[in-house]
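Asks: Mind having a look at this structure? Questions to follow.
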Number of protein chains: 2
Amino acid sequence: MATIVHVAKHAGVSTATVSYVLSGKRYVAPETQQRVLDAINALGFRPNTLASGMRKQRTHTVALIIPDITNPYYPMLARGLQDALLAEKYHVFLCNTDAQRDLEREWVNDVVAAKVSGIVLVAFVATLDDIQEALAAQIPIVTLGERLMHPEIDTVSTDDTAGAGVATASLIANGHRHIGFIGDTQPGALEPRFIGFVQALTEAGLTVMPEWCITGDFTRAGGERAMAHLLTLPTPPTAIFCANDLLAIGAMNVARQRGLRVPEDVAIVGYDDIDAAAMVMPALTTVLNPAYEMGRTAGELLLTRMQQTYDGARREVIVPHQFIPRESS
Amino acid sequence: MATIVHVAKHAGVSTATVSYVLSGKRYVAPETQQRVLDAINALGFRPNTLASGMRKQRTHTVALIIPDITNPYYPMLARGLQDALLAEKYHVFLCNTDAQRDLEREWVNDVVAAKVSGIVLVAFVATLDDIQEALAAQIPIVTLGERLMHPEIDTVSTDDTAGAGVATASLIANGHRHIGFIGDTQPGALEPRFIGFVQALTEAGLTVMPEWCITGDFTRAGGERAMAHLLTLPTPPTAIFCANDLLAIGAMNVARQRGLRVPEDVAIVGYDDIDAAAMVMPALTTVLNPAYEMGRTAGELLLTRMQQTYDGARREVIVPHQFIPRESS
DNA sequence: AACATTGAGGTAAACGATTACGTTACTTCA
DNA sequence: TGAAGTAACGTAATCGTTTACCTCAATGTT
């Protein structure tokens, strides 16, 4: 493999000059530049990123730390991030934490040691304490969601409360008065969707019925169980807002198995707009969780920090949600 | 940040000794070992992977080069790979090629320059010529699918021909005699599924009707178009084998919109078992394309090469498919 | 003519771990 | 008792770039 030394020899200049024509960090006479470029081509030289990373203590790599790439939400996020970074040729490191705190912490420390140039973190349980090393190493971080607040951490998030509000309001606008909820009612990452649901009902002058608000575990099976339970009630709701599409699809399947028509007998709205949402019948009304857009935005924020074109105060960008009416409501 | 020099000073030994207790590559007296370990803890030392990579010309990182992480098949693959590599603490680099040849080539060269320890490649269009640099650099490669044959490249694949055969045979066993195909009938990555289809029909003494074999473009819309076309035929098939689930779901949706019952009026079988397959109604009969298993296997093969516990001849492992009967057939 | 300035590019010290060679102090045994 | 062997560890070159300092010649200034 040709190194910068070989190139320098071949072009009759010093290694410094080669390095400078590559980086453009100082003026090099046009003819000299050409000689160097020719030498590079002739030898098929490729800079050794390791050596360069070692010197600069940065690797032109971004770590994407997420719970699980297998969750249909994250591939989109990953793609958005990559597309944003592509132009500047950053690579991306993929880290699955399974939403476990020790793994989240471990990965952060790991990628700090690996001298990544930036980190995109989807933290489910980590606290500021867990990312101390990254902060100390001055590595730019962007978090998704609002769990981690810090003056030097940019965050991109969605206004899930508003999204859930719009979804619920659409049910109300369709004439429903008995509206249930399947999802997480406890403080946590998905709580805003419950809050938006409650707000929409309250604003419409409707009361929230606790027995219609079921905690499911965000899987299709969870949705099935929750729906089965709701249908045992003397007066089940006529419409249900589910905190994600998996729950909604599970609920819908159970409803139809019991002979109920969707949306005539029971209307169902989901959240996220996963692939399957458009494929089921009836197609699921839902709220698009703009994963791609969030990934891209995170990448853009990160880029400005990594390239030092911005180093001001914390930024928070909120990517708009989008209501997607289909057939299930 | 503490370096190995600090640790050495703190423990009163040389850097060599520190390095050796870390790697275990030569005997160090137990008490000395303990002193070093204590120093490491006291200083919070973490080896600089860049420095080590530079010296060893390997980075303990594996590149996963795939067309598109957004395609629901690949996240599973990625996870399988990661899980296999986790124990040995290899990282994974994610590279999307969009199945474009120049990108495939570019990424291979890129990760070679980045001195990855291994490559998992899902090549759609690349030829041996495109991965020349990786071969020259002696970097272990595992390819998925049988496109790239080379004495030093292990490959893991599935027997799609057999899988398609089983799926088609199940249709025949159910009494169908008029069986159609939606997918790719041309030489290419998914051709084996067509071949398996043809073989199954032939073995059962049935003839393949060209007008029932439609080329779709592997999306749901493609499936819809193909099915719409089939239904214009004077005698449409009573069963259809689709080369992937997206096609099958599209086909199924169109059939039901036209008032046909699935599977009574037309039976449908897909391939891959994507998430949505279990969620649609009726749930789709399909063949599991064992992405996770393939990723894990690829990881295992790679590990043996990277750790030099194997350096023999080319290995090819075929991960078994699995027929998943559900409601659509 | 003496000095300052500018343009172009060279020198060599980092960066932090690995490892091929040594070295030193004990044992062992003829 | 001295040569050979061994246990335990140290020295310093090396990997390939980057970049803080220099250097040198040519030009400009008074």
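Residue numbering restarts at 1 in every chain; chains get A, B, ... in the order shown in the structure tokens, and ligands count up from 1 in that same order.
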Residues of chain D within 9 Å of chain A, counting only C-alpha atoms (C1' of nucleotides) - could you list those as a list in words?
Replies: DC15, DG16, DT17, DT18 and DT19 of chain D
Asks: Given the selection you just returned, output its residues as a file containing C-alpha atoms (C1' of nucleotides), formatted as an mmCIF file, in the first residue's frame.
Replies:
data_model
loop_
_atom_site.group_PDB
_atom_site.id
_atom_site.type_symbol
_atom_site.label_atom_id
_atom_site.label_comp_id
_atom_site.auth_asym_id
_atom_site.auth_seq_id
_atom_site.Cartn_x
_atom_site.Cartn_y
_atom_site.Cartn_z
ATOM 1 C "C1'" DC D 15 2.568 2.166 12.062
ATOM 2 C "C1'" DG D 16 1.073 6.877 8.532
ATOM 3 C "C1'" DT D 17 -0.619 11.469 9.091
ATOM 4 C "C1'" DT D 18 -0.814 16.181 10.660
ATOM 5 C "C1'" DT D 19 0.946 20.547 11.785
#
Asks: From a backbone DSSP assignment, name each residue in segment 166-286 of chain B labelled strand (DSSP E or B), as a PyMOL selection string.
Replies: chain B and resi 179-183+213-215+239-242+267-269+272+285-286
Asks: Restricted to C-alpha atoms, what would the selected residues look like written as a compact mmCIF listing (two decimals), in the first residue's frame?
Replies:
# COMPACT_ATOMS: atom_id res chain seq x y z
CA ILE B 179 -51.08 -21.89 -10.49
CA GLY B 180 -49.61 -18.50 -11.37
CA PHE B 181 -46.39 -16.74 -10.49
CA ILE B 182 -45.61 -13.12 -9.75
CA GLY B 183 -41.97 -12.12 -9.51
CA CYS B 213 -46.21 -15.74 -14.93
CA ILE B 214 -45.98 -12.02 -14.43
CA THR B 215 -42.92 -9.91 -13.82
CA ALA B 239 -53.49 -20.02 -6.80
CA ILE B 240 -50.50 -17.74 -7.03
CA PHE B 241 -47.00 -18.03 -5.73
CA CYS B 242 -45.40 -14.60 -5.29
CA ALA B 267 -54.89 -18.87 -2.74
CA ILE B 268 -51.78 -16.79 -2.27
CA VAL B 269 -48.34 -17.64 -0.96
CA ASP B 272 -39.64 -13.84 3.07
CA THR B 285 -48.73 -18.08 4.04
CA THR B 286 -45.07 -17.65 3.24
Asks: Any idea what's packed within 12 Å of Thr17 of chain A, counting only C-alpha atoms (C1' of nucleotides), ignoring anything in its chain fewer than 3 positions away? Could you give it as JSON, numbers by chain?
Replies: {"A": [4, 5, 7, 8, 9, 11, 12, 13, 14, 20, 21, 22, 23, 24, 25, 26, 27, 28, 29, 30, 32, 33, 34, 35, 36, 37], "C": [8, 9, 10, 11], "D": [17, 18, 19]}
Asks: Hey, what's within 9 Å of Pro140 of chain A if we count only C-alpha atoms (C1' of nucleotides) and toss same-chain stuff fewer than 5 positions away? As a list in words, please?
Replies: Ser117, Gly118, Ile119, Val120, Ala134, Leu135, Glu152, Ile153, Asp154, Leu302, Arg305 and Met306 of chain A
Asks: Taking only C-alpha atoms into account and nothing else, which residues of chain B lie no more than 9 Å away from chain A? Please answer as an MDAnalysis selection string.
Replies: chainID B and resid 1 46:51 53:54 57 59 68:72 74:79 82 91:96 113:115 137 220 246 249:250 253 275:277 279:281
Asks: Can I get the selected residues back with N, CA and C atoms, as a short mmCIF file (atom, residue, chain, number, x, y, z; two decimals), in the first residue's frame?
Replies:
data_model
loop_
_atom_site.label_atom_id
_atom_site.label_comp_id
_atom_site.auth_asym_id
_atom_site.auth_seq_id
_atom_site.Cartn_x
_atom_site.Cartn_y
_atom_site.Cartn_z
N MET B 1 -7.02 12.21 29.11
CA MET B 1 -7.19 10.76 28.94
C MET B 1 -5.90 10.03 29.27
N ARG B 46 -8.52 3.45 29.17
CA ARG B 46 -9.13 2.66 28.10
C ARG B 46 -8.17 2.68 26.93
N PRO B 47 -7.81 1.52 26.42
CA PRO B 47 -6.86 1.51 25.31
C PRO B 47 -7.41 2.31 24.14
N ASN B 48 -6.58 3.02 23.48
CA ASN B 48 -6.97 3.79 22.31
C ASN B 48 -7.02 2.85 21.11
N THR B 49 -8.23 2.61 20.66
CA THR B 49 -8.39 1.62 19.58
C THR B 49 -7.75 2.08 18.28
N LEU B 50 -7.65 3.39 18.13
CA LEU B 50 -7.04 3.89 16.91
C LEU B 50 -5.56 3.56 16.88
N ALA B 51 -4.92 3.82 17.99
CA ALA B 51 -3.48 3.58 18.05
C ALA B 51 -3.20 2.10 17.83
N GLY B 53 -5.14 -0.01 16.35
CA GLY B 53 -5.48 -0.35 14.98
C GLY B 53 -4.38 0.04 14.03
N MET B 54 -3.79 1.16 14.30
CA MET B 54 -2.74 1.64 13.41
C MET B 54 -1.55 0.70 13.41
N GLN B 57 -2.86 -2.65 11.96
CA GLN B 57 -3.50 -2.56 10.65
C GLN B 57 -4.81 -3.33 10.59
N THR B 59 -8.91 -3.00 12.66
CA THR B 59 -9.62 -2.14 13.62
C THR B 59 -10.68 -2.81 14.46
N ASP B 68 -29.85 -1.58 1.24
CA ASP B 68 -30.67 -0.55 1.86
C ASP B 68 -31.24 -1.02 3.19
N ILE B 69 -30.80 -0.44 4.24
CA ILE B 69 -31.22 -0.86 5.58
C ILE B 69 -32.72 -0.68 5.77
N THR B 70 -33.31 0.07 4.89
CA THR B 70 -34.72 0.41 4.97
C THR B 70 -35.58 -0.74 4.43
N ASN B 71 -34.97 -1.60 3.68
CA ASN B 71 -35.64 -2.82 3.22
C ASN B 71 -35.77 -3.76 4.42
N PRO B 72 -36.99 -4.19 4.73
CA PRO B 72 -37.21 -4.89 6.00
C PRO B 72 -36.42 -6.17 6.17
N TYR B 74 -33.09 -6.43 5.78
CA TYR B 74 -31.73 -6.20 6.24
C TYR B 74 -31.54 -5.89 7.72
N PRO B 75 -32.50 -5.24 8.36
CA PRO B 75 -32.30 -5.03 9.79
C PRO B 75 -32.09 -6.34 10.53
N MET B 76 -32.83 -7.37 10.18
CA MET B 76 -32.67 -8.67 10.81
C MET B 76 -31.27 -9.23 10.57
N LEU B 77 -30.86 -9.08 9.34
CA LEU B 77 -29.52 -9.54 8.98
C LEU B 77 -28.49 -8.83 9.84
N ALA B 78 -28.65 -7.52 9.94
CA ALA B 78 -27.70 -6.71 10.70
C ALA B 78 -27.67 -7.16 12.15
N ARG B 79 -28.86 -7.44 12.68
CA ARG B 79 -28.92 -7.83 14.07
C ARG B 79 -28.25 -9.17 14.30
N GLN B 82 -24.55 -8.60 14.28
CA GLN B 82 -24.08 -7.95 15.49
C GLN B 82 -24.07 -8.89 16.68
N HIS B 91 -17.15 -4.11 16.27
CA HIS B 91 -18.15 -3.11 15.94
C HIS B 91 -18.65 -3.35 14.52
N VAL B 92 -19.80 -2.75 14.18
CA VAL B 92 -20.19 -2.85 12.79
C VAL B 92 -20.49 -1.51 12.15
N PHE B 93 -19.94 -1.40 11.00
CA PHE B 93 -20.03 -0.28 10.08
C PHE B 93 -21.18 -0.54 9.13
N LEU B 94 -22.04 0.39 8.94
CA LEU B 94 -23.18 0.16 8.07
C LEU B 94 -23.01 0.91 6.75
N CYS B 95 -23.16 0.21 5.65
CA CYS B 95 -22.97 0.85 4.34
C CYS B 95 -24.14 0.52 3.41
N ASN B 96 -24.84 1.53 2.95
CA ASN B 96 -25.95 1.35 2.01
C ASN B 96 -25.48 1.62 0.59
N ALA B 113 -9.76 0.79 3.06
CA ALA B 113 -8.88 1.87 3.49
C ALA B 113 -9.05 2.14 4.98
N ALA B 114 -10.25 1.89 5.49
CA ALA B 114 -10.49 2.12 6.91
C ALA B 114 -9.99 0.95 7.74
N LYS B 115 -9.41 -0.04 7.07
CA LYS B 115 -8.82 -1.18 7.76
C LYS B 115 -9.79 -1.95 8.64
N ALA B 137 -5.93 -6.90 0.07
CA ALA B 137 -5.58 -6.53 1.44
C ALA B 137 -5.76 -7.69 2.41
N ARG B 220 -45.30 -3.58 -3.37
CA ARG B 220 -46.71 -3.88 -3.21
C ARG B 220 -47.47 -3.42 -4.46
N LEU B 246 -44.19 -8.63 -0.29
CA LEU B 246 -44.75 -7.36 -0.74
C LEU B 246 -45.65 -7.59 -1.94
N ILE B 249 -48.84 -9.37 -0.80
CA ILE B 249 -49.80 -8.51 -0.10
C ILE B 249 -50.53 -7.61 -1.09
N GLY B 250 -49.78 -7.08 -2.04
CA GLY B 250 -50.41 -6.27 -3.07
C GLY B 250 -51.43 -7.08 -3.84
N ASN B 253 -54.56 -7.81 -1.72
CA ASN B 253 -55.42 -6.63 -1.57
C ASN B 253 -56.29 -6.43 -2.80
N ASP B 275 -42.49 -8.71 8.56
CA ASP B 275 -43.39 -8.44 9.69
C ASP B 275 -44.84 -8.38 9.26
N ALA B 276 -45.07 -7.64 8.18
CA ALA B 276 -46.44 -7.40 7.78
C ALA B 276 -47.17 -8.69 7.40
N ALA B 277 -46.42 -9.72 7.03
CA ALA B 277 -47.05 -10.95 6.58
C ALA B 277 -47.99 -11.52 7.64
N MET B 279 -49.46 -9.78 9.89
CA MET B 279 -50.41 -8.78 10.34
C MET B 279 -51.60 -8.61 9.41
N VAL B 280 -51.41 -8.93 8.16
CA VAL B 280 -52.51 -8.74 7.22
C VAL B 280 -53.56 -9.81 7.47
N MET B 281 -54.75 -9.55 6.98
CA MET B 281 -55.82 -10.53 7.10
C MET B 281 -56.32 -10.87 5.71
#
Asks: Within 9 Å of chain B, which residues belong to chain C? Use only C-alpha atoms (C1' of nucleotides) and report them as JSON, numbers by chain.
Replies: {"C": [15, 16, 17, 18, 19]}
Asks: Just to confirm, what's the straight-line distance from atom CA of His176 of chain A to atom CA of Pro237 of chain A in Å (one decimal)?
Replies: 8.8 Å
Asks: Find the distance between atom CA of Thr143 of chain B and atom CA of Val156 of chain B and write it in Å to one decimal.
Replies: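 Here the two named atoms are 6.5 Å from each other.
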Asks: Mind giving me the straight-line distance from atom CA of Leu190 of chain A to atom CA of Asp98 of chain A in Å, one decimal?
Replies: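 Between atom CA of Leu190 of chain A and atom CA of Asp98 of chain A the gap works out to 16.5 Å.
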